[in-house]
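Here is model-v4.pdb, consisting of PDB, C-alpha atoms and all ligand atoms:
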ATOM      1  CA  MET A1084       0.000   0.000   0.000
ATOM      2  CA  PRO A1085       2.465   2.682  -1.089
ATOM      3  CA  ASN A1086      -0.124   5.453  -1.075
ATOM      4  CA  ALA A1087      -0.740   4.896   2.633
ATOM      5  CA  MET A1088       2.883   5.460   3.528
ATOM      6  CA  LEU A1089       4.058   8.790   4.819
ATOM      7  CA  GLU A1090       7.654   9.862   5.098
ATOM      8  CA  CYS A1091       9.264  11.903   7.828
ATOM      9  CA  PRO A1092      10.162  15.266   6.248
ATOM     10  CA  LYS A1093      13.450  15.337   8.154
ATOM     11  CA  CYS A1094      14.713  11.740   8.051
ATOM     12  CA  HIS A1095      12.779  10.405   5.042
ATOM     13  CA  LEU A1096      11.933   7.283   6.975
ATOM     14  CA  VAL A1097       8.529   5.657   6.698
ATOM     15  CA  LEU A1098       6.381   6.756   9.617
ATOM     16  CA  ASN A1099       4.895   4.200  11.979
ATOM     17  CA  ILE A1100       1.251   4.178  12.993
ATOM     18  CA  LYS A1101       0.870   4.604  16.727
ATOM     19  CA  GLU A1102      -2.097   4.841  19.064
ATOM     20  CA  GLU A1103      -1.956   7.509  21.716
ATOM     21  CA  GLY A1104      -4.800   8.123  24.112
ATOM     22  CA  ASP A1105      -7.838   8.454  21.923
ATOM     23  CA  GLY A1106      -6.014   9.293  18.715
ATOM     24  CA  VAL A1107      -3.941   7.655  16.042
ATOM     25  CA  TYR A1108      -0.766   9.230  14.735
ATOM     26  CA  TYR A1109       1.986   8.726  12.239
ATOM     27  CA  VAL A1110       5.221   8.791  14.226
ATOM     28  CA  CYS A1111       8.860   8.839  13.147
ATOM     29  CA  SER A1112      10.802   6.344  15.225
ATOM     30  CA  ASN A1113      14.003   8.281  14.656
ATOM     31  CA  CYS A1114      13.216  11.904  15.534
ATOM     32  CA  GLY A1115       9.754  11.726  17.065
ATOM     33  CA  TYR A1116       8.005  13.688  14.305
ATOM     34  CA  LYS A1117       4.261  13.192  14.674
ATOM     35  CA  VAL A1118       1.200  13.926  12.554
ATOM     36  CA  PRO A1119      -2.414  12.987  13.296
ATOM     37  CA  PHE A1120      -3.768  10.101  11.283
ATOM     38  CA  PRO A1121      -6.488  11.448   8.974
ATOM     39  CA  ASN A1122     -10.105  10.399   9.251
ATOM     40  CA  TRP A1123      -9.616   7.392  11.445
ATOM     41  CA  VAL A1124     -12.625   5.634  12.930
ATOM     42  CA  HIS A1125     -13.320   2.550  14.982
ATOM     43  CA  HIS A1126     -13.926  -0.355  12.658
ATOM     44  CA  ASP A1127     -13.059  -3.999  13.173
ATOM     45  CA  CYS A1128     -10.875  -5.395  10.420
ATOM     46  CA  ARG A1129     -11.931  -8.869   9.322
ATOM     47  CA  LYS A1130      -8.392  -9.787   8.408
ATOM     48  CA  CYS A1131      -6.131  -8.715  11.251
ATOM     49  CA  GLY A1132      -8.598  -7.770  13.985
ATOM     50  CA  CYS A1133      -7.365  -4.193  14.211
ATOM     51  CA  ASP A1134     -10.148  -1.901  15.428
ATOM     52  CA  LYS A1135      -8.994   1.232  13.648
ATOM     53  CA  ALA A1136      -9.538   2.165  10.047
ATOM     54  CA  GLU A1137      -9.277   5.130   7.755
ATOM     55  CA  LEU A1138     -12.675   6.372   6.624
ATOM     56  CA  MET A1139     -12.963   7.062   2.907
ATOM     57  CA  PHE A1140     -15.832   8.055   0.674
ATOM     58  CA  TYR A1141     -16.034   6.976  -2.900
ATOM     59  CA  GLY A1142     -18.167   8.218  -5.723
ATOM     60  CA  ILE A1143     -20.167  11.299  -6.465
ATOM     61  CA  VAL A1144     -23.358  11.953  -4.591
ATOM     62  CA  ARG A1145     -26.242  12.579  -6.969
ATOM     63  CA  GLY A1146     -29.772  13.157  -5.779
ATOM     64  CA  ASP A1147     -30.575  10.660  -3.065
ATOM     65  CA  GLU A1148     -27.689   8.345  -3.821
ATOM     66  CA  VAL A1149     -25.698   7.287  -0.816
ATOM     67  CA  PRO A1150     -21.950   7.487  -1.279
ATOM     68  CA  LEU A1151     -20.032   4.282  -0.891
ATOM     69  CA  THR A1152     -18.226   4.221   2.405
ATOM     70  CA  MET A1153     -14.964   2.370   2.682
ATOM     71  CA  TYR A1154     -12.877   1.500   5.673
ATOM     72  CA  LYS A1155      -9.181   0.997   5.178
ATOM     73  CA  CYS A1156      -7.452  -0.827   8.011
ATOM     74  CA  VAL A1157      -4.605   1.256   9.448
ATOM     75  CA  ARG A1158      -2.588  -1.868  10.171
ATOM     76  CA  CYS A1159      -2.867  -4.174   7.166
ATOM     77  CA  GLY A1160      -4.449  -1.881   4.573
ATOM     78  CA  THR A1161      -7.461  -4.091   3.920
ATOM     79  CA  VAL A1162     -10.353  -2.124   2.449
ATOM     80  CA  GLU A1163     -13.893  -3.007   3.440
ATOM     81  CA  ARG A1164     -16.961  -1.491   1.816
ATOM     82  CA  GLU A1165     -20.192  -0.396   3.301
ATOM     83  CA  GLY A1166     -23.234   1.292   1.854
ATOM     84  CA  PHE A1167     -24.334  -1.247  -0.752
ATOM     85  CA  ALA A1168     -26.549  -4.188   0.099
TER      86      ALA A1168
HETATM   87 ZN    ZN B   1      12.223  11.708  11.518
HETATM   88 ZN    ZN B   2      -6.385  -5.135   9.211
END
Represent the structure of the file as structure tokens.
Amino acid sequence: MPNAMLECPKCHLVLNIKEEGDGVYYVCSNCGYKVPFPNWVHHDCRKCGCDKAELMFYGIVRGDEVPLTMYKCVRCGTVEREGFA
């Protein structure tokens, strides 16, 4: 999942995902650089059991159409869909 990877602007190392209190952050293990993880929500991953996922919306909303909601696991990158029966 290369598009999920963030680099530390100082060290150019791939940032680790870390839980802190009630938030999730990208953290550099070398210098401690930290950025909040975007749009994370509680969602149980079917694959790895991780309870945190990135919330994404897909598609254009037209009229009364409901946008497709996707959850991307912060740990293993598995994407699960919701919104269609
Ligand atoms: Zn760093
Ligand atoms: Zn997972």
Gap from atom CA of A:Asp1127 to atom CA of A:Ile1100 - Å, one decimal: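 Here the two named atoms are 16.5 Å from each other.
Put simply, atom CA of A:Lys1130 is 25.8 Å away from atom CA of A:Cys1111.
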Test item: residues no farther than 9 Å from ligand ZN 2 (chain B), counting only C-alpha atoms and all ligand atoms, as a list of chain:residue names: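 For ligand ZN 2 (chain B), the residues inside 9 Å are A:Asp1127, A:Cys1128, A:Arg1129, A:Lys1130, A:Cys1131, A:Gly1132, A:Cys1133, A:Asp1134, A:Lys1135, A:Ala1136, A:Lys1155, A:Cys1156, A:Val1157, A:Arg1158, A:Cys1159, A:Gly1160, A:Thr1161, A:Val1162.
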All residues having an atom within 9 Å of ligand ZN 1 (chain B) (all atoms listed in the file) as a PyMOL selection string: chain A and resi 1090-1098+1110-1117
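Straight-line separation from atom CA of A:Phe1140 to atom CA of A:His1125: 15.5 Å.
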Answer key for the PyMOL selection byres (((chain A and resi 1164) around 6) and not hetatm), residues as an MDAnalysis selection string: chainID A and resid 1152:1153 1163 1165
Hits of the PyMOL selection byres (((chain A and resi 1122) around 7) and not hetatm) in this structure, as a PyMOL selection string: chain A and resi 1120-1121+1123-1124+1137-1138
Those residues you just picked out, can you put them in a file as a PDB file, in the frame of the given file with C-alpha atoms?
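After the write, again39.pdb holds the following:
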ATOM      1  CA  PHE A1120      -3.768  10.101  11.283  1.00  0.00           C
ATOM      2  CA  PRO A1121      -6.488  11.448   8.974  1.00  0.00           C
ATOM      3  CA  TRP A1123      -9.616   7.392  11.445  1.00  0.00           C
ATOM      4  CA  VAL A1124     -12.625   5.634  12.930  1.00  0.00           C
ATOM      5  CA  GLU A1137      -9.277   5.130   7.755  1.00  0.00           C
ATOM      6  CA  LEU A1138     -12.675   6.372   6.624  1.00  0.00           C
TER       7      LEU A1138
END
Option closest in space to A:Pro1119, from A:Gly1146, A:Leu1089, A:Leu1151, A:Met1139 [counting only C-alpha atoms]: A:Leu1089
Just need the box for stretch 1119-1136 of chain A, edges along x, y and z, holding every atom the file lists for it with 8 Å tacked onto each side, so centre and edge lengths in Å to one decimal, as lines of an AutoDock Vina configuration file.
center_x = -8.2
center_y = 1.6
center_z = 11.9
size_x = 27.5
size_y = 38.8
size_z = 23.0
Can you put N, CA and C atoms back into stretch 1152-1167 of chain A and show it as a short mmCIF file (atom, residue, chain, number, x, y, z; two decimals), in the coordinates of the input?
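Once everything was written out, this is selection-v6.cif:
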data_model
loop_
_atom_site.label_atom_id
_atom_site.label_comp_id
_atom_site.auth_asym_id
_atom_site.auth_seq_id
_atom_site.Cartn_x
_atom_site.Cartn_y
_atom_site.Cartn_z
N THR A 1152 -19.16 3.99 1.31
CA THR A 1152 -18.23 4.22 2.40
C THR A 1152 -17.24 3.07 2.46
N MET A 1153 -15.98 3.41 2.59
CA MET A 1153 -14.96 2.37 2.68
C MET A 1153 -14.12 2.58 3.92
N TYR A 1154 -13.75 1.46 4.52
CA TYR A 1154 -12.88 1.50 5.67
C TYR A 1154 -11.57 0.84 5.29
N LYS A 1155 -10.49 1.55 5.49
CA LYS A 1155 -9.18 1.00 5.18
C LYS A 1155 -8.43 0.78 6.48
N CYS A 1156 -8.12 -0.47 6.77
CA CYS A 1156 -7.45 -0.83 8.01
C CYS A 1156 -6.11 -0.10 8.13
N VAL A 1157 -5.85 0.52 9.28
CA VAL A 1157 -4.61 1.26 9.45
C VAL A 1157 -3.42 0.31 9.60
N ARG A 1158 -3.69 -0.94 9.94
CA ARG A 1158 -2.59 -1.87 10.17
C ARG A 1158 -2.21 -2.66 8.92
N CYS A 1159 -3.21 -3.30 8.29
CA CYS A 1159 -2.87 -4.17 7.17
C CYS A 1159 -3.31 -3.61 5.82
N GLY A 1160 -4.08 -2.52 5.84
CA GLY A 1160 -4.45 -1.88 4.57
C GLY A 1160 -5.65 -2.49 3.88
N THR A 1161 -6.28 -3.48 4.52
CA THR A 1161 -7.46 -4.09 3.92
C THR A 1161 -8.60 -3.08 3.82
N VAL A 1162 -9.24 -3.05 2.66
CA VAL A 1162 -10.35 -2.12 2.45
C VAL A 1162 -11.66 -2.89 2.51
N GLU A 1163 -12.57 -2.41 3.35
CA GLU A 1163 -13.89 -3.01 3.44
C GLU A 1163 -14.92 -1.96 3.04
N ARG A 1164 -15.94 -2.42 2.29
CA ARG A 1164 -16.96 -1.49 1.82
C ARG A 1164 -18.21 -1.55 2.67
N GLU A 1165 -18.91 -0.46 2.64
CA GLU A 1165 -20.19 -0.40 3.30
C GLU A 1165 -21.07 0.54 2.51
N GLY A 1166 -22.37 0.35 2.54
CA GLY A 1166 -23.23 1.29 1.85
C GLY A 1166 -24.03 0.65 0.73
N PHE A 1167 -23.57 -0.52 0.25
CA PHE A 1167 -24.33 -1.25 -0.75
C PHE A 1167 -24.79 -2.57 -0.15
#
